[in-house]
>>> print(open('model.pdb').read())   # PDB, C-alpha atoms
ATOM      1  CA  MET A1150     -78.619 166.921-129.179
ATOM      2  CA  PRO A1151     -79.979 164.337-126.756
ATOM      3  CA  LYS A1152     -78.006 161.113-126.548
ATOM      4  CA  ILE A1153     -79.872 157.794-126.529
ATOM      5  CA  LEU A1154     -78.048 154.868-124.901
ATOM      6  CA  LEU A1155     -79.240 151.357-125.662
ATOM      7  CA  PHE A1156     -78.300 148.181-123.846
ATOM      8  CA  SER A1157     -78.763 144.443-123.861
ATOM      9  CA  THR A1158     -81.243 142.996-126.364
ATOM     10  CA  LEU A1159     -81.998 146.429-127.812
ATOM     11  CA  ARG A1160     -78.436 146.706-129.074
ATOM     12  CA  GLU A1161     -78.793 143.473-130.951
ATOM     13  CA  LYS A1162     -82.232 144.311-132.266
ATOM     14  CA  LEU A1163     -81.352 147.815-133.465
ATOM     15  CA  GLY A1164     -77.714 147.181-134.323
ATOM     16  CA  ILE A1165     -76.497 150.298-132.492
ATOM     17  CA  LYS A1166     -75.198 151.129-129.000
ATOM     18  CA  GLU A1167     -76.159 154.780-128.977
ATOM     19  CA  LEU A1168     -77.294 157.584-131.189
ATOM     20  CA  GLN A1169     -77.713 161.328-131.043
ATOM     21  CA  LEU A1170     -80.888 162.851-132.363
ATOM     22  CA  GLU A1171     -81.448 166.256-133.857
ATOM     23  CA  VAL A1172     -84.846 166.546-132.191
ATOM     24  CA  GLU A1173     -85.790 167.725-128.744
ATOM     25  CA  GLY A1174     -89.172 167.033-127.214
ATOM     26  CA  THR A1175     -90.691 164.357-125.053
ATOM     27  CA  VAL A1176     -89.532 160.786-124.576
ATOM     28  CA  LEU A1177     -92.384 159.741-126.856
ATOM     29  CA  ASP A1178     -91.156 162.196-129.510
ATOM     30  CA  ILE A1179     -87.701 160.648-129.226
ATOM     31  CA  LEU A1180     -89.071 157.114-129.669
ATOM     32  CA  ARG A1181     -91.195 158.214-132.633
ATOM     33  CA  GLU A1182     -88.173 159.862-134.242
ATOM     34  CA  MET A1183     -86.193 156.660-133.782
ATOM     35  CA  GLU A1184     -88.957 154.720-135.519
ATOM     36  CA  LYS A1185     -88.994 157.273-138.327
ATOM     37  CA  ILE A1186     -85.286 156.916-139.028
ATOM     38  CA  GLY A1187     -85.429 153.137-139.062
ATOM     39  CA  TYR A1188     -84.965 151.959-135.488
ATOM     40  CA  PRO A1189     -88.035 149.907-134.502
ATOM     41  CA  VAL A1190     -88.683 150.816-130.870
ATOM     42  CA  GLY A1191     -92.440 151.217-131.145
ATOM     43  CA  ASP A1192     -93.087 148.019-129.217
ATOM     44  CA  LEU A1193     -91.479 149.610-126.146
ATOM     45  CA  VAL A1194     -94.657 151.635-125.689
ATOM     46  CA  LEU A1195     -97.840 149.768-124.868
ATOM     47  CA  LYS A1196    -101.336 150.804-125.900
ATOM     48  CA  ASP A1197    -102.012 152.177-122.424
ATOM     49  CA  GLY A1198     -99.043 154.515-122.767
ATOM     50  CA  LYS A1199     -96.806 152.569-120.385
ATOM     51  CA  VAL A1200     -93.346 151.225-121.107
ATOM     52  CA  LYS A1201     -93.154 147.533-122.015
ATOM     53  CA  ARG A1202     -92.841 145.280-118.985
ATOM     54  CA  GLY A1203     -89.250 144.495-118.078
ATOM     55  CA  PHE A1204     -87.797 147.645-119.653
ATOM     56  CA  ILE A1205     -87.111 151.019-118.115
ATOM     57  CA  ILE A1206     -86.301 154.408-119.576
ATOM     58  CA  LEU A1207     -84.006 156.669-117.575
ATOM     59  CA  VAL A1208     -83.516 160.334-118.372
ATOM     60  CA  ASN A1209     -80.268 161.454-116.731
ATOM     61  CA  GLY A1210     -80.520 158.503-114.340
ATOM     62  CA  LYS A1211     -84.148 159.167-113.353
ATOM     63  CA  ASN A1212     -86.890 156.723-114.290
ATOM     64  CA  ILE A1213     -89.553 158.417-116.402
ATOM     65  CA  VAL A1214     -92.150 156.665-114.231
ATOM     66  CA  HIS A1215     -91.143 159.144-111.502
ATOM     67  CA  LEU A1216     -91.033 162.076-113.909
ATOM     68  CA  GLU A1217     -93.767 162.716-116.455
ATOM     69  CA  GLY A1218     -93.767 159.317-118.103
ATOM     70  CA  LEU A1219     -93.535 159.381-121.878
ATOM     71  CA  SER A1220     -94.281 163.121-121.701
ATOM     72  CA  THR A1221     -90.990 163.758-119.868
ATOM     73  CA  ARG A1222     -89.070 166.486-121.684
ATOM     74  CA  VAL A1223     -85.672 165.618-123.126
ATOM     75  CA  GLY A1224     -83.314 168.521-123.710
ATOM     76  CA  VAL A1225     -80.195 168.868-125.830
ATOM     77  CA  ALA A1226     -77.769 167.842-123.107
ATOM     78  CA  ASP A1227     -79.877 164.991-121.740
ATOM     79  CA  LYS A1228     -79.042 161.310-121.830
ATOM     80  CA  VAL A1229     -81.768 158.721-122.259
ATOM     81  CA  ALA A1230     -80.943 155.122-121.307
ATOM     82  CA  ILE A1231     -83.232 152.245-122.273
ATOM     83  CA  PHE A1232     -82.644 148.749-120.889
ATOM     84  CA  PRO A1233     -84.125 145.828-118.934
ATOM     85  CA  PRO A1234     -82.812 146.009-115.334
ATOM     86  CA  ALA A1235     -81.816 142.733-113.667
ATOM     87  CA  GLY A1236     -83.260 142.120-110.218
ATOM     88  CA  GLY A1237     -81.811 138.788-109.139
ATOM     89  CA  GLY A1238     -78.931 138.173-106.815
TER      90      GLY A1238
ATOM     91  CA  MET B 161     -46.071 136.264 -99.592
ATOM     92  CA  ARG B 162     -49.809 135.865 -99.859
ATOM     93  CA  TYR B 163     -50.528 139.240-101.462
ATOM     94  CA  SER B 164     -47.316 139.720-103.437
ATOM     95  CA  ARG B 165     -49.078 139.619-106.822
ATOM     96  CA  GLN B 166     -51.619 142.288-105.935
ATOM     97  CA  ILE B 167     -49.541 144.711-103.854
ATOM     98  CA  PRO B 168     -48.020 146.180-107.055
ATOM     99  CA  ILE B 169     -51.614 147.136-107.914
ATOM    100  CA  VAL B 170     -53.107 148.211-104.590
ATOM    101  CA  GLY B 171     -49.850 149.243-102.878
ATOM    102  CA  GLU B 172     -48.558 148.393 -99.382
ATOM    103  CA  GLU B 173     -50.719 151.081 -97.816
ATOM    104  CA  GLY B 174     -53.701 149.930 -99.867
ATOM    105  CA  GLN B 175     -53.206 146.376 -98.637
ATOM    106  CA  ARG B 176     -53.147 147.658 -95.056
ATOM    107  CA  ARG B 177     -56.368 149.550 -95.749
ATOM    108  CA  LEU B 178     -57.978 146.370 -97.045
ATOM    109  CA  ALA B 179     -56.874 144.484 -93.937
ATOM    110  CA  GLY B 180     -58.338 147.198 -91.732
ATOM    111  CA  ALA B 181     -61.611 147.544 -93.637
ATOM    112  CA  ARG B 182     -65.051 146.400 -92.504
ATOM    113  CA  VAL B 183     -67.759 145.815 -95.099
ATOM    114  CA  PHE B 184     -71.319 144.550 -95.100
ATOM    115  CA  VAL B 185     -72.477 142.061 -97.737
ATOM    116  CA  ALA B 186     -76.266 141.826 -97.945
ATOM    117  CA  GLY B 187     -77.196 138.427 -99.355
ATOM    118  CA  ALA B 188     -75.141 135.245 -99.777
ATOM    119  CA  GLY B 189     -76.555 133.854-103.012
ATOM    120  CA  GLY B 190     -74.963 133.883-106.451
ATOM    121  CA  LEU B 191     -73.661 137.431-106.048
ATOM    122  CA  GLY B 192     -72.935 137.592-102.337
ATOM    123  CA  SER B 193     -71.194 134.248-101.909
ATOM    124  CA  ASN B 194     -68.880 134.794-104.885
ATOM    125  CA  LEU B 195     -68.210 138.374-103.806
ATOM    126  CA  VAL B 196     -67.232 137.287-100.286
ATOM    127  CA  LEU B 197     -64.746 134.780-101.698
ATOM    128  CA  HIS B 198     -63.159 137.460-103.914
ATOM    129  CA  LEU B 199     -62.921 139.925-101.035
ATOM    130  CA  SER B 200     -61.494 137.259 -98.747
ATOM    131  CA  SER B 201     -58.835 136.239-101.263
ATOM    132  CA  ALA B 202     -57.847 139.891-101.553
ATOM    133  CA  GLY B 203     -57.380 140.137 -97.781
ATOM    134  CA  LEU B 204     -60.326 142.306 -96.831
ATOM    135  CA  GLY B 205     -60.083 142.195 -93.049
ATOM    136  CA  HIS B 206     -63.623 142.100 -91.707
ATOM    137  CA  ILE B 207     -66.671 140.972 -93.652
ATOM    138  CA  VAL B 208     -70.172 140.896 -92.187
ATOM    139  CA  VAL B 209     -72.545 138.850 -94.360
ATOM    140  CA  ALA B 210     -76.270 138.417 -93.792
ATOM    141  CA  ASP B 211     -78.665 135.909 -95.348
ATOM    142  CA  HIS B 212     -81.448 133.849 -93.804
ATOM    143  CA  ASP B 213     -81.530 131.004 -96.366
ATOM    144  CA  VAL B 214     -79.911 127.582 -96.401
ATOM    145  CA  VAL B 215     -77.924 126.113 -99.292
ATOM    146  CA  THR B 216     -80.098 124.173-101.727
ATOM    147  CA  GLU B 217     -79.196 122.105-104.762
ATOM    148  CA  SER B 218     -80.419 124.836-107.107
ATOM    149  CA  ASN B 219     -77.745 127.192-105.684
ATOM    150  CA  LEU B 220     -74.883 125.000-106.832
ATOM    151  CA  ASN B 221     -74.796 126.114-110.499
ATOM    152  CA  ARG B 222     -73.541 129.607-109.600
ATOM    153  CA  THR B 223     -71.758 129.310-106.267
ATOM    154  CA  PHE B 224     -68.817 127.491-104.733
ATOM    155  CA  PHE B 225     -71.019 125.876-102.129
ATOM    156  CA  ARG B 226     -70.498 122.112-102.045
ATOM    157  CA  VAL B 227     -72.830 119.122-101.890
ATOM    158  CA  SER B 228     -71.810 118.746 -98.248
ATOM    159  CA  ASP B 229     -73.189 122.261 -97.636
ATOM    160  CA  LEU B 230     -76.748 121.323 -98.650
ATOM    161  CA  GLY B 231     -79.165 122.252 -95.881
ATOM    162  CA  VAL B 232     -76.545 124.372 -94.081
ATOM    163  CA  PRO B 233     -77.265 128.098 -93.634
ATOM    164  CA  LYS B 234     -75.529 129.924 -96.485
ATOM    165  CA  VAL B 235     -73.658 132.267 -94.172
ATOM    166  CA  GLU B 236     -72.288 129.339 -92.142
ATOM    167  CA  ALA B 237     -71.220 127.453 -95.270
ATOM    168  CA  LEU B 238     -69.569 130.652 -96.453
ATOM    169  CA  ALA B 239     -67.788 131.110 -93.124
ATOM    170  CA  ARG B 240     -66.338 127.595 -93.483
ATOM    171  CA  LEU B 241     -65.189 128.273 -97.040
ATOM    172  CA  VAL B 242     -63.581 131.571 -96.066
ATOM    173  CA  GLY B 243     -61.896 129.936 -93.087
ATOM    174  CA  GLU B 244     -60.168 127.530 -95.459
ATOM    175  CA  LEU B 245     -59.488 130.180 -98.098
ATOM    176  CA  ASN B 246     -57.985 132.876 -95.923
ATOM    177  CA  PRO B 247     -57.865 132.486 -92.129
ATOM    178  CA  GLU B 248     -56.660 136.095 -91.823
ATOM    179  CA  VAL B 249     -60.173 137.279 -92.729
ATOM    180  CA  GLU B 250     -62.673 137.777 -89.953
ATOM    181  CA  LEU B 251     -66.068 136.784 -91.345
ATOM    182  CA  GLU B 252     -69.123 137.487 -89.254
ATOM    183  CA  PRO B 253     -72.031 135.334 -90.493
ATOM    184  CA  LEU B 254     -75.490 136.668 -89.646
ATOM    185  CA  ARG B 255     -78.286 134.222 -90.320
ATOM    186  CA  MET B 256     -81.034 136.795 -90.458
ATOM    187  CA  ARG B 257     -82.915 139.015 -92.844
ATOM    188  CA  VAL B 258     -81.005 142.068 -93.955
ATOM    189  CA  GLU B 259     -83.768 144.249 -92.525
ATOM    190  CA  GLU B 260     -82.784 143.035 -89.045
ATOM    191  CA  VAL B 261     -79.139 144.107 -89.376
ATOM    192  CA  ASP B 262     -77.990 147.359 -87.812
ATOM    193  CA  ILE B 263     -76.290 149.228 -90.666
ATOM    194  CA  GLY B 264     -73.744 151.336 -88.916
ATOM    195  CA  ASP B 265     -69.991 151.252 -88.847
ATOM    196  CA  PHE B 266     -68.976 149.979 -92.286
ATOM    197  CA  ASP B 267     -66.604 151.188 -94.972
ATOM    198  CA  LEU B 268     -68.860 149.965 -97.757
ATOM    199  CA  ILE B 269     -72.169 148.183 -98.304
ATOM    200  CA  PHE B 270     -72.657 145.555-101.016
ATOM    201  CA  ASP B 271     -76.209 145.005-102.251
ATOM    202  CA  CYS B 272     -76.350 141.373-103.413
ATOM    203  CA  LEU B 273     -80.036 140.895-102.684
ATOM    204  CA  ASP B 274     -82.645 139.194-104.820
ATOM    205  CA  ASN B 275     -85.773 141.219-104.119
ATOM    206  CA  VAL B 276     -86.762 144.829-104.458
ATOM    207  CA  GLU B 277     -88.283 145.242-101.004
ATOM    208  CA  SER B 278     -85.060 144.287 -99.213
ATOM    209  CA  ARG B 279     -82.952 146.338-101.613
ATOM    210  CA  LEU B 280     -85.102 149.404-100.872
ATOM    211  CA  ASN B 281     -84.735 148.860 -97.135
ATOM    212  CA  LEU B 282     -80.971 148.452 -97.442
ATOM    213  CA  GLU B 283     -80.713 151.565 -99.596
ATOM    214  CA  SER B 284     -82.687 153.546 -97.068
ATOM    215  CA  SER B 285     -80.559 152.341 -94.132
ATOM    216  CA  ALA B 286     -77.319 153.051 -96.004
ATOM    217  CA  ALA B 287     -78.590 156.541 -96.868
ATOM    218  CA  ASP B 288     -79.359 157.228 -93.205
ATOM    219  CA  ALA B 289     -75.881 156.027 -92.238
ATOM    220  CA  GLY B 290     -74.234 158.032 -95.032
ATOM    221  CA  LEU B 291     -72.635 154.934 -96.539
ATOM    222  CA  ASP B 292     -71.881 154.105-100.180
ATOM    223  CA  ILE B 293     -73.500 151.114-101.855
ATOM    224  CA  VAL B 294     -72.022 148.864-104.502
ATOM    225  CA  HIS B 295     -75.082 147.368-106.178
ATOM    226  CA  GLY B 296     -75.346 144.227-108.291
ATOM    227  CA  GLY B 297     -78.298 142.667-110.097
ATOM    228  CA  ILE B 298     -78.355 139.634-112.391
ATOM    229  CA  GLU B 299     -80.861 137.811-114.555
ATOM    230  CA  GLY B 300     -80.173 135.188-117.194
ATOM    231  CA  LEU B 301     -77.074 136.399-119.008
ATOM    232  CA  ARG B 302     -77.610 140.059-118.111
ATOM    233  CA  GLY B 303     -76.731 142.233-115.194
ATOM    234  CA  GLN B 304     -75.797 145.634-113.849
ATOM    235  CA  VAL B 305     -73.284 146.839-111.282
ATOM    236  CA  ALA B 306     -73.197 150.339-109.816
ATOM    237  CA  HIS B 307     -71.509 152.355-107.062
ATOM    238  CA  TYR B 308     -73.456 155.280-105.660
ATOM    239  CA  HIS B 309     -74.269 157.480-102.672
ATOM    240  CA  PRO B 310     -77.815 156.564-101.586
ATOM    241  CA  SER B 311     -77.958 159.686 -99.423
ATOM    242  CA  SER B 312     -78.230 161.744-102.611
ATOM    243  CA  TYR B 313     -79.560 159.300-105.208
ATOM    244  CA  ARG B 314     -81.821 156.264-104.831
ATOM    245  CA  LEU B 315     -80.837 153.853-107.580
ATOM    246  CA  ILE B 316     -83.167 151.012-106.559
ATOM    247  CA  ARG B 317     -86.176 153.299-106.670
ATOM    248  CA  GLU B 318     -85.223 154.248-110.239
ATOM    249  CA  LEU B 319     -84.425 150.734-111.455
ATOM    250  CA  PHE B 320     -87.378 148.798-110.091
ATOM    251  CA  THR B 321     -90.863 150.200-110.284
ATOM    252  CA  SER B 322     -92.533 146.896-109.469
ATOM    253  CA  ARG B 323     -91.971 144.917-106.292
ATOM    254  CA  SER B 324     -92.930 141.572-107.780
ATOM    255  CA  ARG B 325     -90.498 138.793-107.033
ATOM    256  CA  ALA B 326     -89.709 135.940-109.364
ATOM    257  CA  ARG B 327     -87.220 133.093-109.447
ATOM    258  CA  ASN B 328     -85.136 134.298-112.349
ATOM    259  CA  PRO B 329     -83.026 131.983-114.448
ATOM    260  CA  VAL B 330     -79.311 132.670-114.114
ATOM    261  CA  LEU B 331     -76.088 131.146-115.369
ATOM    262  CA  GLY B 332     -73.036 130.794-113.121
ATOM    263  CA  PRO B 333     -70.749 133.068-115.176
ATOM    264  CA  THR B 334     -73.315 135.889-114.992
ATOM    265  CA  ALA B 335     -73.260 135.798-111.197
ATOM    266  CA  MET B 336     -69.499 135.376-111.056
ATOM    267  CA  LEU B 337     -68.793 138.240-113.458
ATOM    268  CA  ALA B 338     -71.074 140.630-111.577
ATOM    269  CA  ALA B 339     -69.547 139.532-108.259
ATOM    270  CA  SER B 340     -66.035 140.038-109.680
ATOM    271  CA  LEU B 341     -66.915 143.561-110.811
ATOM    272  CA  MET B 342     -68.416 144.358-107.411
ATOM    273  CA  ALA B 343     -65.294 143.015-105.702
ATOM    274  CA  LEU B 344     -63.047 145.031-108.005
ATOM    275  CA  GLU B 345     -64.983 148.172-107.156
ATOM    276  CA  GLY B 346     -64.752 147.485-103.437
ATOM    277  CA  ILE B 347     -61.060 146.586-103.500
ATOM    278  CA  LEU B 348     -60.056 149.678-105.483
ATOM    279  CA  HIS B 349     -62.356 151.979-103.534
ATOM    280  CA  ILE B 350     -60.977 150.847-100.190
ATOM    281  CA  SER B 351     -57.331 150.447-101.147
ATOM    282  CA  GLN B 352     -56.992 153.381-103.531
ATOM    283  CA  GLY B 353     -59.963 155.608-102.798
ATOM    284  CA  ARG B 354     -60.890 155.472-106.482
ATOM    285  CA  GLY B 355     -63.644 153.079-107.434
ATOM    286  CA  PRO B 356     -63.884 153.213-111.236
ATOM    287  CA  LEU B 357     -67.652 152.695-111.023
ATOM    288  CA  LEU B 358     -68.371 155.491-108.552
ATOM    289  CA  GLY B 359     -71.286 157.480-109.946
ATOM    290  CA  LYS B 360     -71.791 154.997-112.764
ATOM    291  CA  MET B 361     -73.776 151.898-113.593
ATOM    292  CA  LEU B 362     -72.220 149.253-115.816
ATOM    293  CA  ILE B 363     -74.792 147.252-117.769
ATOM    294  CA  PHE B 364     -73.751 144.012-119.435
ATOM    295  CA  ASP B 365     -75.280 141.288-121.564
ATOM    296  CA  LEU B 366     -73.168 138.168-121.960
ATOM    297  CA  ASP B 367     -75.402 136.819-124.718
ATOM    298  CA  THR B 368     -73.967 139.442-127.052
ATOM    299  CA  LEU B 369     -70.888 140.315-124.958
ATOM    300  CA  SER B 370     -72.064 143.905-124.769
ATOM    301  CA  PHE B 371     -71.008 146.288-122.020
ATOM    302  CA  GLY B 372     -71.996 149.904-121.487
ATOM    303  CA  GLU B 373     -72.206 152.589-118.813
ATOM    304  CA  VAL B 374     -74.819 155.004-117.592
ATOM    305  CA  ASP B 375     -73.754 158.080-115.603
ATOM    306  CA  LEU B 376     -75.717 158.389-112.381
ATOM    307  CA  PRO B 377     -76.782 161.819-111.112
ATOM    308  CA  GLU B 378     -74.074 163.589-109.137
ATOM    309  CA  PRO B 379     -74.741 164.445-105.504
ATOM    310  CA  GLU B 380     -76.507 167.756-105.037
ATOM    311  CA  HIS B 381     -74.701 170.121-102.693
TER     312      HIS B 381
END
>>> encode(input="model.pdb", output="structure tokens")
Amino acid sequence: MPKILLFSTLREKLGIKELQLEVEGTVLDILREMEKIGYPVGDLVLKDGKVKRGFIILVNGKNIVHLEGLSTRVGVADKVAIFPPAGGG
Amino acid sequence: MRYSRQIPIVGEEGQRRLAGARVFVAGAGGLGSNLVLHLSSAGLGHIVVADHDVVTESNLNRTFFRVSDLGVPKVEALARLVGELNPEVELEPLRMRVEEVDIGDFDLIFDCLDNVESRLNLESSAADAGLDIVHGGIEGLRGQVAHYHPSSYRLIRELFTSRSRARNPVLGPTAMLAASLMALEGILHISQGRGPLLGKMLIFDLDTLSFGEVDLPEPEH
């Protein structure tokens, strides 16, 4: 079962740190499943199919922007991390 | 003795390793300046720090720079502070852009930069030199700290897909916490050979006091 790791404001908004889902599929499938079971993450995906500005989605440490975007496959042993990276120093 | 309270943690040999170590700190802002002070207090022998900016009033909320440092190059102000804090430390201040520094003979690189372009350049140079990076990034009350091998994994490329640069708000404790974690990683890595963050990224949000880790991809052999 893929593990979804949430950080920062998402933890507060959804009230969870992580969850494991029964479904496999794409990143978009994962987000849709989260919506279905009561975790409102729909606003992470914009109408043009991109991830909301300021947030990134990593699958096993790789940004989906460099993979297949929201169509990136997520397998049973994969870890998906969603958070807003901080760029200042 | 100066290090008597930390030798039970790092060991006599570990303390000698710290004294003999040479690290590069890229950036002397909220992260870099606080990091250098931590490393200096711990007795890290040789610190090279590069930054081309001068101290401004807006730096004072998250650094130990003083009013008398205003207008002084950050690296020079830092050299003065370190000289008073621990004269045993050799601090080499480089008032230049990180891109101009020859990344060569270092035990560890600390990425304390504030823009993606420079971070990418540093990551690339460290990868070519086969050196580890301890990365820090802060914004508001949030931040992340990681320790990785850029020769096998490019963290900056994964974290930042846009190269836009903005003056982000930041609170002093955010910078100081991230700098403390970076220092901890460096001190344990050099003295013990076991950085607890190696291959991981710690993500924190002080607004909700939440902390969590992401495993970074392991080097491919």
>>> residues_around(input="model.pdb", residues="A:Ser1220", least_positions_apart="2", cutoff="9 Å", atoms="all atoms listed in the file", output="list in words")
Gly1174, Thr1175, Val1176, Leu1177, Asp1178, Ile1213, Leu1216, Glu1217, Gly1218 and Arg1222 of chain A
>>> resolve_selection(input="model.pdb", expression="the ChimeraX specification (/A :<7) & /B", output="PyMOL selection string")
chain B and resi 189-191+272-275+297-299+302-304+318-319+328+364-365+370+372+375-377
>>> resolve_selection(input="model.pdb", expression="the PyMOL selection byres ((chain B and resi 186) around 7)", output="list in words")
Phe184, Val185, Gly187, Ala188, Gly192, Val209, Ala210, Asp211, Val258, Phe270, Asp271, Cys272 and Leu273 of chain B
>>> write_last_selection(input="model.pdb", atoms="C-alpha atoms", output="JSON list (two decimals), in the coordinates of the input")
[["chain", "number", "residue", "atom", "x", "y", "z"],
["B", 184, "PHE", "CA", -71.32, 144.55, -95.10],
["B", 185, "VAL", "CA", -72.48, 142.06, -97.74],
["B", 187, "GLY", "CA", -77.20, 138.43, -99.36],
["B", 188, "ALA", "CA", -75.14, 135.24, -99.78],
["B", 192, "GLY", "CA", -72.94, 137.59, -102.34],
["B", 209, "VAL", "CA", -72.54, 138.85, -94.36],
["B", 210, "ALA", "CA", -76.27, 138.42, -93.79],
["B", 211, "ASP", "CA", -78.67, 135.91, -95.35],
["B", 258, "VAL", "CA", -81.00, 142.07, -93.96],
["B", 270, "PHE", "CA", -72.66, 145.56, -101.02],
["B", 271, "ASP", "CA", -76.21, 145.00, -102.25],
["B", 272, "CYS", "CA", -76.35, 141.37, -103.41],
["B", 273, "LEU", "CA", -80.04, 140.90, -102.68]]
>>> resolve_selection(input="model.pdb", expression="the PyMOL selection byres ((chain B and resi 241-254) around 6)", output="number ranges by chain")
B: 205-210, 235, 238-240, 255-256
>>> write_last_selection(input="model.pdb", atoms="C-alpha atoms", output="short mmCIF file (atom, residue, chain, number, x, y, z; two decimals), in the frame of the given file")
data_model
loop_
_atom_site.label_atom_id
_atom_site.label_comp_id
_atom_site.auth_asym_id
_atom_site.auth_seq_id
_atom_site.Cartn_x
_atom_site.Cartn_y
_atom_site.Cartn_z
CA GLY B 205 -60.08 142.20 -93.05
CA HIS B 206 -63.62 142.10 -91.71
CA ILE B 207 -66.67 140.97 -93.65
CA VAL B 208 -70.17 140.90 -92.19
CA VAL B 209 -72.54 138.85 -94.36
CA ALA B 210 -76.27 138.42 -93.79
CA VAL B 235 -73.66 132.27 -94.17
CA LEU B 238 -69.57 130.65 -96.45
CA ALA B 239 -67.79 131.11 -93.12
CA ARG B 240 -66.34 127.60 -93.48
CA ARG B 255 -78.29 134.22 -90.32
CA MET B 256 -81.03 136.79 -90.46
#
>>> atom_distance(input="model.pdb", atom1="atom CA of B:Thr216", atom2="atom CA of B:Ala335")
16.5 Å
>>> build_atoms(input="model.pdb", residues="stretch 1190-1201 of chain A", atoms="N, CA and C atoms", output="PDB file, in the coordinates of the input")
ATOM      1  N   VAL A1190     -88.549 150.836-132.333  1.00  0.00           N
ATOM      2  CA  VAL A1190     -88.683 150.816-130.870  1.00  0.00           C
ATOM      3  C   VAL A1190     -90.144 151.008-130.443  1.00  0.00           C
ATOM      4  N   GLY A1191     -91.030 150.971-131.438  1.00  0.00           N
ATOM      5  CA  GLY A1191     -92.440 151.217-131.145  1.00  0.00           C
ATOM      6  C   GLY A1191     -93.022 150.241-130.137  1.00  0.00           C
ATOM      7  N   ASP A1192     -92.511 149.005-130.138  1.00  0.00           N
ATOM      8  CA  ASP A1192     -93.087 148.019-129.217  1.00  0.00           C
ATOM      9  C   ASP A1192     -92.691 148.268-127.761  1.00  0.00           C
ATOM     10  N   LEU A1193     -91.832 149.262-127.533  1.00  0.00           N
ATOM     11  CA  LEU A1193     -91.479 149.610-126.146  1.00  0.00           C
ATOM     12  C   LEU A1193     -92.645 150.316-125.445  1.00  0.00           C
ATOM     13  N   VAL A1194     -93.528 150.903-126.260  1.00  0.00           N
ATOM     14  CA  VAL A1194     -94.657 151.635-125.689  1.00  0.00           C
ATOM     15  C   VAL A1194     -95.936 150.823-125.885  1.00  0.00           C
ATOM     16  N   LEU A1195     -96.609 150.550-124.798  1.00  0.00           N
ATOM     17  CA  LEU A1195     -97.840 149.768-124.868  1.00  0.00           C
ATOM     18  C   LEU A1195     -99.025 150.674-125.189  1.00  0.00           C
ATOM     19  N   LYS A1196    -100.150 150.027-125.511  1.00  0.00           N
ATOM     20  CA  LYS A1196    -101.336 150.804-125.900  1.00  0.00           C
ATOM     21  C   LYS A1196    -101.802 151.744-124.793  1.00  0.00           C
ATOM     22  N   ASP A1197    -101.565 151.326-123.529  1.00  0.00           N
ATOM     23  CA  ASP A1197    -102.012 152.177-122.424  1.00  0.00           C
ATOM     24  C   ASP A1197    -101.017 153.296-122.109  1.00  0.00           C
ATOM     25  N   GLY A1198     -99.994 153.428-122.954  1.00  0.00           N
ATOM     26  CA  GLY A1198     -99.043 154.515-122.767  1.00  0.00           C
ATOM     27  C   GLY A1198     -97.925 154.197-121.784  1.00  0.00           C
ATOM     28  N   LYS A1199     -97.881 152.951-121.303  1.00  0.00           N
ATOM     29  CA  LYS A1199     -96.806 152.569-120.385  1.00  0.00           C
ATOM     30  C   LYS A1199     -95.653 151.929-121.164  1.00  0.00           C
ATOM     31  N   VAL A1200     -94.507 151.862-120.482  1.00  0.00           N
ATOM     32  CA  VAL A1200     -93.346 151.225-121.107  1.00  0.00           C
ATOM     33  C   VAL A1200     -93.487 149.712-120.960  1.00  0.00           C
ATOM     34  N   LYS A1201     -93.074 148.996-121.990  1.00  0.00           N
ATOM     35  CA  LYS A1201     -93.154 147.533-122.015  1.00  0.00           C
ATOM     36  C   LYS A1201     -92.564 146.928-120.735  1.00  0.00           C
TER      37      LYS A1201
END
